[in-house]
>>> print(open('target-v6.pdb').read())   # PDB, C-alpha atoms, pLDDT in the B column
ATOM      1  CA  MET A1281      -4.160 -17.186  21.505  1.00 45.00           C
ATOM      2  CA  SER A1282      -3.990 -13.748  19.948  1.00 53.00           C
ATOM      3  CA  GLU A1283      -2.941 -13.646  16.314  1.00 69.00           C
ATOM      4  CA  ILE A1284       0.464 -12.200  15.610  1.00 84.00           C
ATOM      5  CA  LYS A1285       1.391  -9.980  12.682  1.00 92.00           C
ATOM      6  CA  LEU A1286       4.812 -10.552  11.193  1.00 96.00           C
ATOM      7  CA  ASN A1287       6.665  -8.046   9.063  1.00 96.00           C
ATOM      8  CA  TYR A1288       7.399  -9.994   5.873  1.00 97.00           C
ATOM      9  CA  HIS A1289       9.319  -7.045   4.448  1.00 96.00           C
ATOM     10  CA  LYS A1290      12.165  -7.992   6.824  1.00 96.00           C
ATOM     11  CA  THR A1291      12.508 -11.462   5.269  1.00 96.00           C
ATOM     12  CA  HIS A1292      16.063 -12.294   4.198  1.00 95.00           C
ATOM     13  CA  PHE A1293      17.712 -15.089   2.279  1.00 92.00           C
ATOM     14  CA  LEU A1294      19.197 -17.820   4.447  1.00 91.00           C
ATOM     15  CA  THR A1295      20.568 -20.596   2.265  1.00 89.00           C
ATOM     16  CA  SER A1296      20.087 -22.771  -0.827  1.00 87.00           C
ATOM     17  CA  SER A1297      20.554 -26.494  -0.951  1.00 84.00           C
ATOM     18  CA  PRO A1298      20.136 -29.316  -3.480  1.00 77.00           C
ATOM     19  CA  ASN A1299      18.734 -31.603  -0.751  1.00 77.00           C
ATOM     20  CA  ILE A1300      17.541 -31.613   2.862  1.00 79.00           C
ATOM     21  CA  ARG A1301      20.835 -32.858   4.273  1.00 82.00           C
ATOM     22  CA  ALA A1302      22.414 -29.468   3.701  1.00 81.00           C
ATOM     23  CA  ILE A1303      19.671 -27.229   5.057  1.00 83.00           C
ATOM     24  CA  PRO A1304      19.577 -25.906   8.640  1.00 80.00           C
ATOM     25  CA  GLU A1305      18.317 -27.953  11.547  1.00 84.00           C
ATOM     26  CA  ASP A1306      14.736 -29.122  11.506  1.00 86.00           C
ATOM     27  CA  SER A1307      13.337 -26.671  14.064  1.00 89.00           C
ATOM     28  CA  GLY A1308      10.905 -23.776  14.377  1.00 94.00           C
ATOM     29  CA  ILE A1309       8.169 -23.566  11.728  1.00 96.00           C
ATOM     30  CA  GLU A1310       8.691 -23.624   7.986  1.00 95.00           C
ATOM     31  CA  ILE A1311       6.043 -22.798   5.396  1.00 97.00           C
ATOM     32  CA  ALA A1312       6.782 -24.187   1.950  1.00 94.00           C
ATOM     33  CA  PHE A1313       5.817 -22.680  -1.407  1.00 94.00           C
ATOM     34  CA  ALA A1314       5.261 -25.239  -4.151  1.00 91.00           C
ATOM     35  CA  GLY A1315       3.919 -25.080  -7.672  1.00 91.00           C
ATOM     36  CA  ARG A1316       4.528 -25.768 -11.308  1.00 87.00           C
ATOM     37  CA  SER A1317       7.637 -24.166 -12.744  1.00 81.00           C
ATOM     38  CA  ASN A1318       5.613 -21.379 -14.393  1.00 84.00           C
ATOM     39  CA  ALA A1319       3.122 -20.707 -11.580  1.00 89.00           C
ATOM     40  CA  GLY A1320       4.920 -17.607 -10.260  1.00 89.00           C
ATOM     41  CA  LYS A1321       6.326 -18.824  -6.926  1.00 89.00           C
ATOM     42  CA  SER A1322       9.309 -16.487  -6.870  1.00 87.00           C
ATOM     43  CA  THR A1323       7.160 -13.555  -7.987  1.00 91.00           C
ATOM     44  CA  ALA A1324       4.705 -14.237  -5.139  1.00 95.00           C
ATOM     45  CA  LEU A1325       7.513 -14.390  -2.559  1.00 94.00           C
ATOM     46  CA  ASN A1326       8.916 -11.115  -3.836  1.00 94.00           C
ATOM     47  CA  ALA A1327       5.452  -9.491  -3.680  1.00 95.00           C
ATOM     48  CA  LEU A1328       4.822 -10.754  -0.145  1.00 96.00           C
ATOM     49  CA  THR A1329       8.161  -9.449   1.110  1.00 96.00           C
ATOM     50  CA  ASN A1330       8.069  -6.271  -0.999  1.00 94.00           C
ATOM     51  CA  GLN A1331      11.532  -7.084  -2.329  1.00 92.00           C
ATOM     52  CA  LYS A1332      12.250  -7.201  -6.039  1.00 86.00           C
ATOM     53  CA  ASN A1333      14.997  -9.791  -5.928  1.00 83.00           C
ATOM     54  CA  LEU A1334      14.520 -11.836  -2.780  1.00 85.00           C
ATOM     55  CA  ALA A1335      13.585 -14.911  -4.816  1.00 77.00           C
ATOM     56  CA  ARG A1336      15.066 -15.207  -8.278  1.00 68.00           C
ATOM     57  CA  THR A1337      12.495 -14.716 -11.009  1.00 57.00           C
ATOM     58  CA  SER A1338      13.180 -15.449 -14.608  1.00 51.00           C
ATOM     59  CA  LYS A1339      11.480 -15.464 -17.981  1.00 53.00           C
ATOM     60  CA  THR A1340      12.487 -19.121 -18.199  1.00 50.00           C
ATOM     61  CA  PRO A1341      10.282 -21.297 -15.985  1.00 50.00           C
ATOM     62  CA  GLY A1342      12.039 -23.802 -13.789  1.00 49.00           C
ATOM     63  CA  ARG A1343      14.858 -21.669 -12.439  1.00 50.00           C
ATOM     64  CA  THR A1344      14.265 -22.731  -8.834  1.00 53.00           C
ATOM     65  CA  GLN A1345      16.399 -25.861  -8.889  1.00 69.00           C
ATOM     66  CA  LEU A1346      17.339 -25.812  -5.232  1.00 78.00           C
ATOM     67  CA  ILE A1347      15.492 -25.686  -1.931  1.00 83.00           C
ATOM     68  CA  ASN A1348      15.736 -21.998  -0.967  1.00 88.00           C
ATOM     69  CA  LEU A1349      15.197 -20.904   2.630  1.00 91.00           C
ATOM     70  CA  PHE A1350      14.305 -17.400   3.799  1.00 94.00           C
ATOM     71  CA  GLU A1351      14.020 -16.211   7.386  1.00 95.00           C
ATOM     72  CA  VAL A1352      11.151 -13.924   8.403  1.00 97.00           C
ATOM     73  CA  GLU A1353      11.959 -13.978  12.135  1.00 94.00           C
ATOM     74  CA  PRO A1354      14.021 -16.381  14.219  1.00 93.00           C
ATOM     75  CA  HIS A1355      12.326 -19.813  14.000  1.00 94.00           C
ATOM     76  CA  CYS A1356       9.989 -18.622  11.193  1.00 96.00           C
ATOM     77  CA  LYS A1357      11.110 -19.597   7.697  1.00 96.00           C
ATOM     78  CA  LEU A1358       9.670 -19.561   4.198  1.00 96.00           C
ATOM     79  CA  VAL A1359      10.847 -22.237   1.787  1.00 92.00           C
ATOM     80  CA  ASP A1360      10.846 -21.943  -2.004  1.00 90.00           C
ATOM     81  CA  LEU A1361      10.761 -25.515  -3.334  1.00 85.00           C
ATOM     82  CA  PRO A1362      11.903 -26.626  -6.794  1.00 80.00           C
ATOM     83  CA  GLY A1363       9.141 -26.117  -9.358  1.00 79.00           C
ATOM     84  CA  TYR A1364       7.475 -29.204 -10.737  1.00 76.00           C
ATOM     85  CA  GLY A1365       6.016 -29.974 -14.132  1.00 68.00           C
ATOM     86  CA  TYR A1366       6.968 -27.767 -17.054  1.00 56.00           C
ATOM     87  CA  ALA A1367      10.659 -26.984 -17.417  1.00 56.00           C
ATOM     88  CA  ALA A1368      12.862 -27.413 -20.445  1.00 60.00           C
ATOM     89  CA  VAL A1369      15.673 -29.254 -18.704  1.00 62.00           C
ATOM     90  CA  PRO A1370      17.217 -32.706 -19.130  1.00 66.00           C
ATOM     91  CA  GLU A1371      15.139 -35.567 -17.702  1.00 72.00           C
ATOM     92  CA  GLN A1372      17.910 -36.493 -15.254  1.00 72.00           C
ATOM     93  CA  MET A1373      17.779 -33.020 -13.739  1.00 65.00           C
ATOM     94  CA  LYS A1374      13.975 -33.177 -13.419  1.00 66.00           C
ATOM     95  CA  ILE A1375      14.265 -36.467 -11.543  1.00 69.00           C
ATOM     96  CA  GLN A1376      16.806 -34.890  -9.178  1.00 67.00           C
ATOM     97  CA  TRP A1377      14.483 -31.918  -8.461  1.00 60.00           C
ATOM     98  CA  GLN A1378      11.504 -34.192  -7.842  1.00 69.00           C
ATOM     99  CA  LYS A1379      13.620 -36.231  -5.470  1.00 72.00           C
ATOM    100  CA  SER A1380      14.677 -33.217  -3.390  1.00 71.00           C
ATOM    101  CA  LEU A1381      11.104 -31.868  -3.444  1.00 72.00           C
ATOM    102  CA  GLY A1382       9.606 -35.175  -2.266  1.00 74.00           C
ATOM    103  CA  GLU A1383      12.296 -35.675   0.332  1.00 80.00           C
ATOM    104  CA  TYR A1384      11.721 -32.245   1.810  1.00 81.00           C
ATOM    105  CA  LEU A1385       7.942 -32.704   1.984  1.00 80.00           C
ATOM    106  CA  GLN A1386       8.102 -36.158   3.543  1.00 83.00           C
ATOM    107  CA  LYS A1387      10.927 -35.754   6.013  1.00 85.00           C
ATOM    108  CA  ARG A1388      10.811 -32.173   7.226  1.00 88.00           C
ATOM    109  CA  GLU A1389       9.251 -32.255  10.695  1.00 90.00           C
ATOM    110  CA  CYS A1390       8.952 -28.484  11.117  1.00 94.00           C
ATOM    111  CA  LEU A1391       6.800 -28.007   8.015  1.00 93.00           C
ATOM    112  CA  GLY A1392       3.710 -26.146   9.236  1.00 95.00           C
ATOM    113  CA  GLY A1393       1.790 -25.401   6.048  1.00 96.00           C
ATOM    114  CA  LEU A1394       1.958 -25.567   2.281  1.00 95.00           C
ATOM    115  CA  VAL A1395       1.239 -22.765  -0.183  1.00 97.00           C
ATOM    116  CA  VAL A1396       0.464 -24.268  -3.591  1.00 96.00           C
ATOM    117  CA  LEU A1397       0.532 -21.786  -6.452  1.00 96.00           C
ATOM    118  CA  MET A1398      -1.378 -22.375  -9.673  1.00 96.00           C
ATOM    119  CA  ASP A1399      -2.011 -20.166 -12.695  1.00 96.00           C
ATOM    120  CA  ILE A1400      -5.663 -19.090 -12.279  1.00 97.00           C
ATOM    121  CA  ARG A1401      -6.254 -19.840 -15.970  1.00 97.00           C
ATOM    122  CA  HIS A1402      -4.999 -23.448 -15.697  1.00 95.00           C
ATOM    123  CA  PRO A1403      -5.607 -24.689 -12.137  1.00 95.00           C
ATOM    124  CA  LEU A1404      -5.601 -28.192 -10.667  1.00 95.00           C
ATOM    125  CA  LYS A1405      -3.360 -29.963 -13.159  1.00 92.00           C
ATOM    126  CA  ASP A1406      -2.440 -33.561 -12.241  1.00 87.00           C
ATOM    127  CA  LEU A1407       0.719 -32.603 -10.351  1.00 85.00           C
ATOM    128  CA  ASP A1408      -1.130 -29.888  -8.413  1.00 90.00           C
ATOM    129  CA  GLN A1409      -3.761 -32.404  -7.355  1.00 92.00           C
ATOM    130  CA  GLN A1410      -1.071 -34.888  -6.316  1.00 87.00           C
ATOM    131  CA  MET A1411       0.535 -32.181  -4.192  1.00 88.00           C
ATOM    132  CA  ILE A1412      -2.799 -31.356  -2.515  1.00 91.00           C
ATOM    133  CA  GLU A1413      -3.555 -35.061  -1.967  1.00 89.00           C
ATOM    134  CA  TRP A1414      -0.171 -35.548  -0.384  1.00 87.00           C
ATOM    135  CA  ALA A1415      -0.611 -32.540   1.942  1.00 90.00           C
ATOM    136  CA  VAL A1416      -4.063 -33.683   3.062  1.00 91.00           C
ATOM    137  CA  SER A1417      -2.791 -37.200   3.764  1.00 87.00           C
ATOM    138  CA  ALA A1418       0.066 -35.671   5.792  1.00 87.00           C
ATOM    139  CA  ASP A1419      -2.493 -33.595   7.738  1.00 90.00           C
ATOM    140  CA  LEU A1420      -0.923 -30.382   6.496  1.00 93.00           C
ATOM    141  CA  PRO A1421      -3.011 -27.227   5.953  1.00 96.00           C
ATOM    142  CA  VAL A1422      -2.913 -25.819   2.416  1.00 97.00           C
ATOM    143  CA  LEU A1423      -3.368 -22.369   0.905  1.00 98.00           C
ATOM    144  CA  LEU A1424      -4.058 -22.541  -2.835  1.00 98.00           C
ATOM    145  CA  LEU A1425      -3.064 -19.287  -4.497  1.00 98.00           C
ATOM    146  CA  LEU A1426      -4.511 -18.775  -7.974  1.00 98.00           C
ATOM    147  CA  THR A1427      -1.781 -16.577  -9.427  1.00 97.00           C
ATOM    148  CA  LYS A1428      -1.814 -14.125 -12.343  1.00 97.00           C
ATOM    149  CA  ALA A1429      -5.361 -13.117 -11.346  1.00 97.00           C
ATOM    150  CA  ASP A1430      -4.822  -9.760 -13.091  1.00 97.00           C
ATOM    151  CA  LYS A1431      -5.027 -11.637 -16.422  1.00 97.00           C
ATOM    152  CA  LEU A1432      -8.776 -12.199 -15.876  1.00 97.00           C
ATOM    153  CA  SER A1433     -11.717  -9.843 -15.438  1.00 97.00           C
ATOM    154  CA  GLN A1434     -13.213  -9.603 -11.972  1.00 96.00           C
ATOM    155  CA  SER A1435     -16.173 -11.833 -12.855  1.00 97.00           C
ATOM    156  CA  ALA A1436     -14.013 -14.471 -14.597  1.00 97.00           C
ATOM    157  CA  ARG A1437     -11.687 -14.417 -11.584  1.00 97.00           C
ATOM    158  CA  SER A1438     -14.553 -14.972  -9.129  1.00 97.00           C
ATOM    159  CA  LYS A1439     -15.858 -17.797 -11.301  1.00 98.00           C
ATOM    160  CA  GLN A1440     -12.472 -19.549 -11.283  1.00 98.00           C
ATOM    161  CA  VAL A1441     -12.076 -19.201  -7.508  1.00 98.00           C
ATOM    162  CA  LYS A1442     -15.577 -20.641  -6.986  1.00 98.00           C
ATOM    163  CA  MET A1443     -14.869 -23.498  -9.399  1.00 98.00           C
ATOM    164  CA  VAL A1444     -11.605 -24.419  -7.629  1.00 98.00           C
ATOM    165  CA  ARG A1445     -13.229 -24.183  -4.179  1.00 98.00           C
ATOM    166  CA  GLU A1446     -15.886 -26.652  -5.322  1.00 98.00           C
ATOM    167  CA  ALA A1447     -13.370 -28.926  -7.059  1.00 97.00           C
ATOM    168  CA  ILE A1448     -11.263 -29.368  -3.915  1.00 97.00           C
ATOM    169  CA  LEU A1449     -14.150 -30.339  -1.615  1.00 97.00           C
ATOM    170  CA  PRO A1450     -13.597 -34.081  -2.255  1.00 96.00           C
ATOM    171  CA  PHE A1451     -10.041 -33.738  -0.865  1.00 95.00           C
ATOM    172  CA  GLN A1452     -11.621 -33.056   2.547  1.00 94.00           C
ATOM    173  CA  GLY A1453      -8.577 -31.211   3.827  1.00 95.00           C
ATOM    174  CA  ASP A1454      -7.825 -27.888   5.496  1.00 97.00           C
ATOM    175  CA  ILE A1455      -7.592 -26.008   2.186  1.00 98.00           C
ATOM    176  CA  GLN A1456      -8.186 -22.310   1.536  1.00 98.00           C
ATOM    177  CA  VAL A1457      -8.407 -20.936  -2.028  1.00 98.00           C
ATOM    178  CA  GLU A1458      -7.621 -17.317  -2.912  1.00 98.00           C
ATOM    179  CA  ALA A1459      -6.991 -15.315  -6.075  1.00 98.00           C
ATOM    180  CA  PHE A1460      -3.538 -13.737  -6.198  1.00 98.00           C
ATOM    181  CA  SER A1461      -1.753 -11.184  -8.345  1.00 97.00           C
ATOM    182  CA  ALA A1462       1.693  -9.857  -7.539  1.00 94.00           C
ATOM    183  CA  GLN A1463       1.184  -7.189 -10.179  1.00 93.00           C
ATOM    184  CA  ASN A1464      -2.101  -5.814  -8.801  1.00 94.00           C
ATOM    185  CA  LYS A1465      -1.398  -6.707  -5.162  1.00 94.00           C
ATOM    186  CA  ILE A1466      -4.459  -8.983  -5.054  1.00 96.00           C
ATOM    187  CA  GLY A1467      -4.426 -11.506  -2.225  1.00 97.00           C
ATOM    188  CA  ILE A1468      -1.135 -10.455  -0.597  1.00 97.00           C
ATOM    189  CA  ASP A1469      -2.943  -9.540   2.655  1.00 96.00           C
ATOM    190  CA  LYS A1470      -4.702 -12.930   2.698  1.00 97.00           C
ATOM    191  CA  LEU A1471      -1.398 -14.721   2.143  1.00 98.00           C
ATOM    192  CA  ALA A1472       0.249 -12.758   4.986  1.00 97.00           C
ATOM    193  CA  ALA A1473      -2.702 -13.430   7.321  1.00 97.00           C
ATOM    194  CA  LYS A1474      -2.536 -17.175   6.617  1.00 97.00           C
ATOM    195  CA  LEU A1475       1.218 -17.262   7.220  1.00 97.00           C
ATOM    196  CA  ASP A1476       0.752 -15.316  10.485  1.00 97.00           C
ATOM    197  CA  HIS A1477      -1.770 -17.928  11.577  1.00 96.00           C
ATOM    198  CA  TRP A1478       0.556 -20.815  10.696  1.00 97.00           C
ATOM    199  CA  PHE A1479       3.529 -19.189  12.429  1.00 96.00           C
ATOM    200  CA  SER A1480       1.579 -18.197  15.560  1.00 94.00           C
ATOM    201  CA  PRO A1481       2.369 -21.364  17.625  1.00 93.00           C
ATOM    202  CA  ILE A1482       5.994 -20.177  17.790  1.00 91.00           C
ATOM    203  CA  PHE A1483       4.919 -17.097  19.733  1.00 88.00           C
ATOM    204  CA  SER A1484       2.681 -18.913  22.197  1.00 82.00           C
ATOM    205  CA  GLU A1485       5.411 -21.198  23.513  1.00 61.00           C
TER     206      GLU A1485
END
>>> encode(input="target-v6.pdb", output="structure tokens")
Amino acid sequence: MSEIKLNYHKTHFLTSSPNIRAIPEDSGIEIAFAGRSNAGKSTALNALTNQKNLARTSKTPGRTQLINLFEVEPHCKLVDLPGYGYAAVPEQMKIQWQKSLGEYLQKRECLGGLVVLMDIRHPLKDLDQQMIEWAVSADLPVLLLLTKADKLSQSARSKQVKMVREAILPFQGDIQVEAFSAQNKIGIDKLAAKLDHWFSPIFSE
């Protein structure tokens, strides 16, 4: 099967929903982006698609309170999931987000891969590890993006990537680890290549 190359710059917003009952039919392939509220999910989506405001970014972590769907091509969708962990919001609201996040991950049949974003300076927090564990148990391939890589020197960055690659070996899953910086355009090509690979079954049918 020859690898396809999608144009992520054409990605457009589809819909937002507080839960999976209100999102479009469970078909095609969806790739979900997950991470702590301050990991830079929206920033990464905007960098990938070369659009400043495709996904809402904010100085206040935790703005992604809904499941947001974006269409790259027919049957190929990117999903921005509610951030987990740090967010200065009422407990009740946090519980609601976690519920919609968990529900999406467990019940969405067309989920083809999971991009987990972590700040390169503080990777593999408890919730990140839970997310990776869950993906591996669900037989889902994972791309770990270590964001804000521009905040570290090249050698410190390489050291962190190596450390995370070693730390995830016990998970025994299909997990790739890459440094990423929206600011310095580090890792955007590797993200696009991984998404192409995950979306490719659509084009071989």
>>> atom_distance(input="target-v6.pdb", atom1="atom CA of A:Asn1348", atom2="atom CA of A:Ala1312")
9.7 Å
>>> resolve_selection(input="target-v6.pdb", expression="the PyMOL selection byres ((chain A and resi 1354) around 10)", output="JSON, numbers by chain")
{"A": [1308, 1309, 1351, 1352, 1353, 1355, 1356, 1357, 1482]}
>>> residues_around(input="target-v6.pdb", residues="A:Lys1474", least_positions_apart="5", cutoff="10 Å", atoms="only C-alpha atoms", output="list in words")
Gly1393, Val1395, Val1422, Leu1423, Gln1456, Ile1468, Asp1469, Phe1479 and Ser1480 of chain A
>>> residues_around(input="target-v6.pdb", residues="A:Phe1460", least_positions_apart="6", cutoff="10 Å", atoms="all atoms listed in the file", output="JSON, numbers by chain")
{"A": [1324, 1397, 1398, 1399, 1400, 1424, 1425, 1426, 1427, 1428, 1429, 1430, 1437, 1466, 1467, 1468, 1469, 1470, 1471]}
>>> resolve_selection(input="target-v6.pdb", expression="the PyMOL selection byres ((chain A and resi 1316) around 8)", output="number ranges by chain")
A: 1314-1315, 1317-1319, 1363-1366, 1397-1398, 1407-1408
>>> atom_distance(input="target-v6.pdb", atom1="atom CA of A:Val1444", atom2="atom CA of A:Ala1335")
27.1 Å
